[in-house]
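Asks: Got a structure for you, questions after.
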Amino acid sequence: MTPRRPSILLTGLLLLLSACAPAPATSPLASTSAEPSASIGASPSSAPTAAAAYPLTLTDDAGREVTLDVAPARIVSLAPSNTEIVCALASCDLLVGITDFDDFPAEVIEIDKVVTMAQVDVEAVVAAEPDLVLAAGNELTPTSVIDQLAELGLPVLTLYPESLDEVYADVQLIGAAIDRTDEATGLVDEMRGRVEAVAEAVDGLDRPRTFYEVSVFEGTIYTAGEGSFLASLIETAGGEPIVGDTLSTSIEIEDLVAADPELILLGDASYDPTITAETVAARPGWDAMTAVRDGNVVVVTDDLVITRPGPRIVDGLEALARAIHPDAVSG
Amino acid sequence: MRAGVAPRPLVRGPALTRAVVVLGGAGALLLVALVAGIGLGSVTVAPDDVLRVLAHRLLGIGASSGVSPSTETIIVDLRLPRVLGAMVVGAGLACAGTVFQAILRNPMADPYIIGTAAGASLGATVGIVLPLLVPALAIGAGSSVLGLGAVQLLAFAGGVATVALVIGVARSGGRLPSVTLLLTGYAVSSLLAAGVALLMFASGRALAAIFSWLMGSLAAVGWLDLAIAGPIVLAVFVVLFARWRSLNLLLLGDGPAANLGLDVGREKLRLTMLATLSTSAAVAISGTIGFVGLVVPHLLRLAAGPDHRLLLPASAVLGAALLVLADLGARLAGGIPVGVVTALVGAPFFLFLLRRSRRVVSTMPA
Amino acid sequence: MTRVAEIAGLHVSYDADGARRNVLRGLDFEVSEGELVALLGPNGSGKTTLLRAIVGTVPRDAGRVSLFGRDIATWNRMELARRVAVLPQSLVLPDGFRVAEIVEMGRAPHATRWFGSSDADAAAVERALADADALDLAERHADELSGGERQRVLVAMALAQEPELLLLDEPTLHLDIAHQAALLASVAHLRARRGLTVIAVLHDLNLAAAHAPRLAVLGGGRIVADGPPESVMRPDLIRDLFGVAVDEARTADGRRFLVPRASPIANEPSPRRGGMTG
């Protein structure tokens with residue numbers, strides 16, 4: 001790019017002047033609740049048939065109130081779980097921006113990536129001209145990014161389900177946002193049904209003390225945190241989860257040995273081939289655990305769906321149930 | 001000896017030429033950096049379009065900006081504040097670095113050396129972690145006081161408070177010995193860094209946010225941040241520039257400077273607090289970006305000489321230009337923290353400087 | 001004769017190793033306008049402390065110190081810098097500056113313009129360089145200079161202050177014999193030319209005797225001898241004060257100097273000597 005000289009001088013002059021001029025307090029796009037101006041986002045042609053639904057004000061998981069004036073036609077998803085929900089609601093074609101971690105369903109691979117290595121490229125999000133952005137909570141999408149997008153006038157819904165009920169609620173939320181409430185209800189009902197089936201199948205059975213290994217890094221063991229989604233899933237699947245610290249999700253080896261798991265589920269075996277029942281049993285101190293002595297160390301291949309709080313979380317629950325109660329729950 | 005060989009003070013003769021060349025060069029670089037910084041990124045915008053958009057949005061010239069609305073948003077709401085933020089931070093850090101090198105008479109002095117970085121880091125980390133540990137403190141989404149995040153305010157307060165503490169400890173009998181200041185700063189910094197590490201350990205999910213802050217980033221700089229940090233950095237620069245003579249005198253050493261009428265203890269205190277204000281304002285909006293405050297003054301001393309009448313403004317301009325370019329590099333490299341770019345480029349360059357010229361180190365007074 | 005400096009009953013002490021050390025104990029001292037006085041005494045006798053007391057940079061426990069007729073406590077730093085210049089021991093100069101720029105820093109107490117320098121400043125700098133015999137160094141860079149050249153620059157910087165009183169704090173410490181003599185000769189010359197009053201702390205008795213018309217010797221926290229070299233440079237006084245026996249000698253042209261007879265350390269028992277390396 002070779003700028004022509006007069007442009008540089010003029011640019012410089014204007015930039016100097018712009019620095020002196022009072023900073024534009026808010027750009028015309030900067031109101032979250034006013035209608036998005038005829039700039040980014042709203043495509044006039046997508047006026048919904050059920051006109052009464054919009055404008056719509058929703059409250060997201062972070063407590064923000066977000067108003068949508070028309071049914072979104074261009075959606076950016078900042079988390080794989082959000083992408084899966086959108087697609088499960090038959091709206092895959094509305095996605096114009098996703099993350100590089102999104103891998104399901106297969107058709108999303110071609111969509112532009114606006115998040116790379118967990119870094120949100122705000123410019124790319126803006127360039128995609130979305131009229132709805134689905135962010136992730138708990139700093140998975142940094143709050144500063146959410147604030148920035150909101151200030152630019154983009155409707156941002158932050159989703160952070162920490163239980164099955166909250167997943168249902170988020171599916172309903174997105175369903176409401178994109179005018180797919182029927183599909184959302186259907187999906188939730190189906191999910192509920194399957195969850196109830198699992199609960200019935202394990203009802204009354206002994207609950208083994210279950211340790212789910214998320215990862216082990218440099219001597220620190222990560223597992224389900226106390227009160228976490230994963231812990232509740234294990235419970236629903238008929239196990240008694242051994243939990244780690246709420247915030248750091250780590251557990252000291254001594255505490256783990258003291259808790260004495262009867263069943264060890266190796267979540268990290270899903271992507272790390274070096275994690276096997278044998279290598280785990282060989283770890284110093286681990287042979288003190290009942291699970292290791294009895295050979296109840298199970299490789300888990302479904303860690304992705306177990307930990308992704310989207311529509312396939314039920315697949316994850318079922319996988320957990322099969323691992324915990326293989327006799328009671330069939331594939 | 002020859003009569004009338006008037007020794008030419010700075011503003012006459014070849015010194016003036018040098019001043020023009022240095023300032024002009026740095027200024028030209030800044031202009032190029034601004035154009036590139038605003039035009040390049042995920043979306044490339046030609047300089048003419050940049051011009052048109054700015055003219056339209058900021059000066060009301062022209063019926064429309066001539067580019068798509070999203071491009072316009074990108075230029076005015078994303079790139080412009082970010083580039084201006086880079087200017088403010090770069091200028092603030094370079095100025096502060098220049099001043100600290102004069103006060104401490106130490107070539108390794110950077111704006112953070114007496115505790116600003118450690119204090120600001122602790123403040124920011126507390127601001128990030130506390131709402132997670134104590135949910136009652138999460139004052140709604142965004143957690144803003146007057147639109148400024150708690151993180152920025154705590155970072156600023158942390159930086160200033162730490163330096164005040166260090167000065168308080170190092171000061172004795174109205175004097176502020178440079179070595180004591182340095183060592184106290186080091187000790188306090190280490191202590192606070194341990195606090196940061198502890199909080200990082202307990203932070204869980206917020207670890208990424210903390211780390212990103214520590215590495216420094218201009219991604220979240222908004223107009224409000226600029227409206228507050230900008231005037232602070234500018235005001236500090238003006239006051240420092242007005243005190244150029246004190247800065248020059250300090251290079252002679254505390255004793256000789258005092259004999260020439262300078263209240264050395266009080267002046268060092270004043271200069272330290274001013275430089276700290278500038279640094280804290282910069283760090284509050286961008287996190288701890290390294291190397292700018294260290295390398296820019298050294299670079300310029302080679303080109304511009306140690307006289308602060310030229311060194312200080314030149315540092316500000318060059319610091320601004322370099323950080324805009326570094327931020328551009330960070331964006332083009334995929335959104336990595338700008339502190340990584342300044343370290344990756346700054347460190348080898350500094351080593352190169354050291355090899356090329358012995359004057360880098362000897363230019364510092366002993 | 002105007003009194004430039006008047007000191008009466010001065011007591012100065014400071015803390016060292018947890019104890020209070022009395023350096024000056026009821027010292028009386030007077031210097032009149034135009035004098036050149038050399039301050040002498042053993043290490044630690046308080047010569048530098050006395051200099052500092054004259055300019056008020058060291059707190060006094062008791063006694064009176066007046067400069068140009070006014071109590072030193074009433075002076076502010078700038079006033080002082082306009083009338084008193086100090087030539088330091090150290091020859092370190094900040095690198096990167098031209099000599100002219102460094103000398104110009106000496107104009108700081110008088111500076112009227114905020115940014116540049118006035119014609120008066122430029123003239124003073126030129127005069128100072130000329131008087132210090134350093135005009136040829138004006139455009140040189142400080143880091144290129146030899147020790148003797150640096151000394152001349154420092155003298156020029158002191159002269160640029162246009163002082164009435166010049167204090168020298170062992171300025172010959174880092175100079176070779178030729179430069180030592182040159183410095184003191186030029187100081188004496190300047191004293192005449194600019195009407196300076198000079199107080200010089202020196203460690204070399206013979207050098208002082210050769211250049212200063214008045215010697216003041218410190219011992220036990222007071223001035224124990226004060227007068228022209230002939231009266232002060234007495235072997236018995238030197239022996240009592242410095243702990244070394246000296247012999248008097250004369251040059252061919254009649255100048256008198258003192259030569260130490262033997263090192264006092266050589267008479268000490270060996271354990272101390274054995275403790276020395278090399």
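Here's how to read the names in the structure tokens: chain A, B, ... by the order shown, residue numbers from 1 in each chain, ligand numbers from 1 in the order shown.
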For Ile54 (chain C), list every protein, DNA or RNA residue within 9 Å, evaluated using only C-alpha atoms, and leave out those in the same chain fewer than 5 positions away; present the list as a list of chain:residue names.
Replies: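 Once the adjacent positions are removed, what remains is C:Ala5, C:Glu6, C:Ile7, C:Thr49, C:Val65, C:Ser66, C:Leu67, C:Ile72.
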Asks: From the DSSP assignment of the backbone, select every residue of region 164-288 of chain B that is alpha helix (DSSP H), and format the answer as a VMD selection string.
Replies: chain B and resid 164 to 170 178 to 201 207 to 215 223 to 242 244 to 250 254 to 259 264 to 286
Asks: So how far away is CA of Gly97 (chain A) from CA of Gln172 (chain A), in Å?
Replies: 21.3 Å
Asks: Apply DSSP to the structure's backbone, then extract all residues of region 220-301 of chain A labelled strand (DSSP E) and return them as a list of chain:residue names.
Replies: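 Matching residues, listed in order: A:Thr220, A:Ile221, A:Tyr222, A:Glu240, A:Pro241, A:Ser250, A:Ile251, A:Leu263, A:Ile264, A:Leu265, A:Leu266, A:Val297, A:Val298, A:Val299.
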Asks: With N, CA and C atoms retained, write the just-selected residues as a compact mmCIF listing (two decimals), in the first residue's frame.
Replies:
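What ended up in result.txt:
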# COMPACT_ATOMS: atom_id res chain seq x y z
N THR A 220 -0.90 -30.82 38.72
CA THR A 220 -2.19 -30.33 39.20
C THR A 220 -3.31 -31.11 38.51
N ILE A 221 -4.21 -31.64 39.32
CA ILE A 221 -5.28 -32.48 38.79
C ILE A 221 -6.54 -31.64 38.67
N TYR A 222 -7.11 -31.60 37.49
CA TYR A 222 -8.34 -30.83 37.27
C TYR A 222 -9.51 -31.79 37.11
N GLU A 240 -21.62 -40.62 42.32
CA GLU A 240 -21.41 -39.62 43.37
C GLU A 240 -20.09 -38.94 43.05
N PRO A 241 -20.16 -37.71 42.53
CA PRO A 241 -18.93 -37.12 42.01
C PRO A 241 -17.96 -36.70 43.12
N SER A 250 -9.38 -27.59 40.71
CA SER A 250 -8.31 -28.56 40.92
C SER A 250 -8.51 -29.29 42.24
N ILE A 251 -7.88 -30.44 42.35
CA ILE A 251 -7.98 -31.22 43.58
C ILE A 251 -6.59 -31.73 43.94
N LEU A 263 -14.62 -45.33 40.87
CA LEU A 263 -14.64 -45.34 39.41
C LEU A 263 -13.90 -44.10 38.93
N ILE A 264 -12.99 -44.30 37.99
CA ILE A 264 -12.27 -43.16 37.43
C ILE A 264 -12.61 -43.08 35.94
N LEU A 265 -13.09 -41.91 35.54
CA LEU A 265 -13.41 -41.69 34.14
C LEU A 265 -12.37 -40.76 33.56
N LEU A 266 -11.68 -41.24 32.51
CA LEU A 266 -10.58 -40.44 31.96
C LEU A 266 -11.09 -39.58 30.81
N VAL A 297 -10.96 -48.18 35.79
CA VAL A 297 -10.49 -46.93 35.19
C VAL A 297 -10.93 -46.97 33.73
N VAL A 298 -11.79 -46.07 33.38
CA VAL A 298 -12.44 -46.14 32.07
C VAL A 298 -12.02 -44.99 31.19
N VAL A 299 -11.63 -45.35 29.96
CA VAL A 299 -11.33 -44.30 28.97
C VAL A 299 -12.63 -43.73 28.44
Asks: For Leu166 (chain C), list every protein, DNA or RNA residue within 8 Å, evaluated using only C-alpha atoms, and leave out those in the same chain fewer than 2 positions away; present the list as a count of residues only.
Replies: 12
Asks: Within 8 Å of region 181-195 of chain B, counting only C-alpha atoms, which residues qualify if same-chain residues fewer than 5 places away don't, as an MDAnalysis selection string?
Replies: chainID B and resid 104 113:115 117:119 121:122 162:163 166:167 169:171 176
Asks: Residues of chain C within 7 Å of chain B: nearest atom pair and distance (Å, one decimal) for each, counting only C-alpha atoms, sorted by chain and number, as CSV?
Replies:
residue,atom,partner,partner_atom,distance
C:Arg77,CA,B:Gly261,CA,4.8
C:Met78,CA,B:Gly261,CA,4.4
C:Ala81,CA,B:Gly261,CA,5.0
C:Ala85,CA,B:Asn259,CA,6.8
C:Val86,CA,B:Asn259,CA,6.6
C:Leu93,CA,B:Leu252,CA,6.5
C:Pro94,CA,B:Pro365,CA,4.7
C:Asp95,CA,B:Thr363,CA,4.8
C:Gly96,CA,B:Gly305,CA,5.6
C:Phe97,CA,B:Pro306,CA,6.7
C:Ala100,CA,B:Pro7,CA,5.4
C:Glu101,CA,B:Pro9,CA,6.3
C:Met105,CA,B:Leu249,CA,6.9
C:Gly106,CA,B:Leu260,CA,6.7
C:Ala108,CA,B:Leu260,CA,6.4
C:Pro109,CA,B:Gly261,CA,5.9
C:Gly116,CA,B:Val11,CA,6.6
C:Ser117,CA,B:Pro9,CA,6.9
C:Ala122,CA,B:Ala6,CA,6.6
C:Glu126,CA,B:Ala6,CA,5.9
C:Leu135,CA,B:Met1,CA,6.6
C:Ala138,CA,B:Pro7,CA,6.4
Asks: Pull C-alpha atoms from the residues just selected and write them as a PDB file, in the first residue's frame.
Replies:
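File out.pdb, as written:
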ATOM      1  CA  ARG C  77      19.314  27.682  47.290  1.00  0.00           C
ATOM      2  CA  MET C  78      19.124  29.877  44.236  1.00  0.00           C
ATOM      3  CA  ALA C  81      24.058  29.254  43.771  1.00  0.00           C
ATOM      4  CA  ALA C  85      30.263  27.846  43.327  1.00  0.00           C
ATOM      5  CA  VAL C  86      31.639  24.463  44.342  1.00  0.00           C
ATOM      6  CA  LEU C  93      30.660  14.587  33.313  1.00  0.00           C
ATOM      7  CA  PRO C  94      27.418  13.503  31.656  1.00  0.00           C
ATOM      8  CA  ASP C  95      28.146  12.081  28.243  1.00  0.00           C
ATOM      9  CA  GLY C  96      26.604  13.227  25.042  1.00  0.00           C
ATOM     10  CA  PHE C  97      26.779  16.899  25.854  1.00  0.00           C
ATOM     11  CA  ALA C 100      29.752  24.407  25.899  1.00  0.00           C
ATOM     12  CA  GLU C 101      26.412  22.919  26.878  1.00  0.00           C
ATOM     13  CA  MET C 105      24.417  24.490  32.916  1.00  0.00           C
ATOM     14  CA  GLY C 106      26.439  26.621  35.258  1.00  0.00           C
ATOM     15  CA  ALA C 108      21.190  27.792  35.790  1.00  0.00           C
ATOM     16  CA  PRO C 109      21.107  29.985  38.910  1.00  0.00           C
ATOM     17  CA  GLY C 116      16.892  29.258  25.482  1.00  0.00           C
ATOM     18  CA  SER C 117      19.810  31.260  26.799  1.00  0.00           C
ATOM     19  CA  ALA C 122      26.266  33.192  26.212  1.00  0.00           C
ATOM     20  CA  GLU C 126      32.422  32.304  26.776  1.00  0.00           C
ATOM     21  CA  LEU C 135      37.844  27.593  24.854  1.00  0.00           C
ATOM     22  CA  ALA C 138      34.011  24.115  23.647  1.00  0.00           C
TER      23      ALA C 138
END
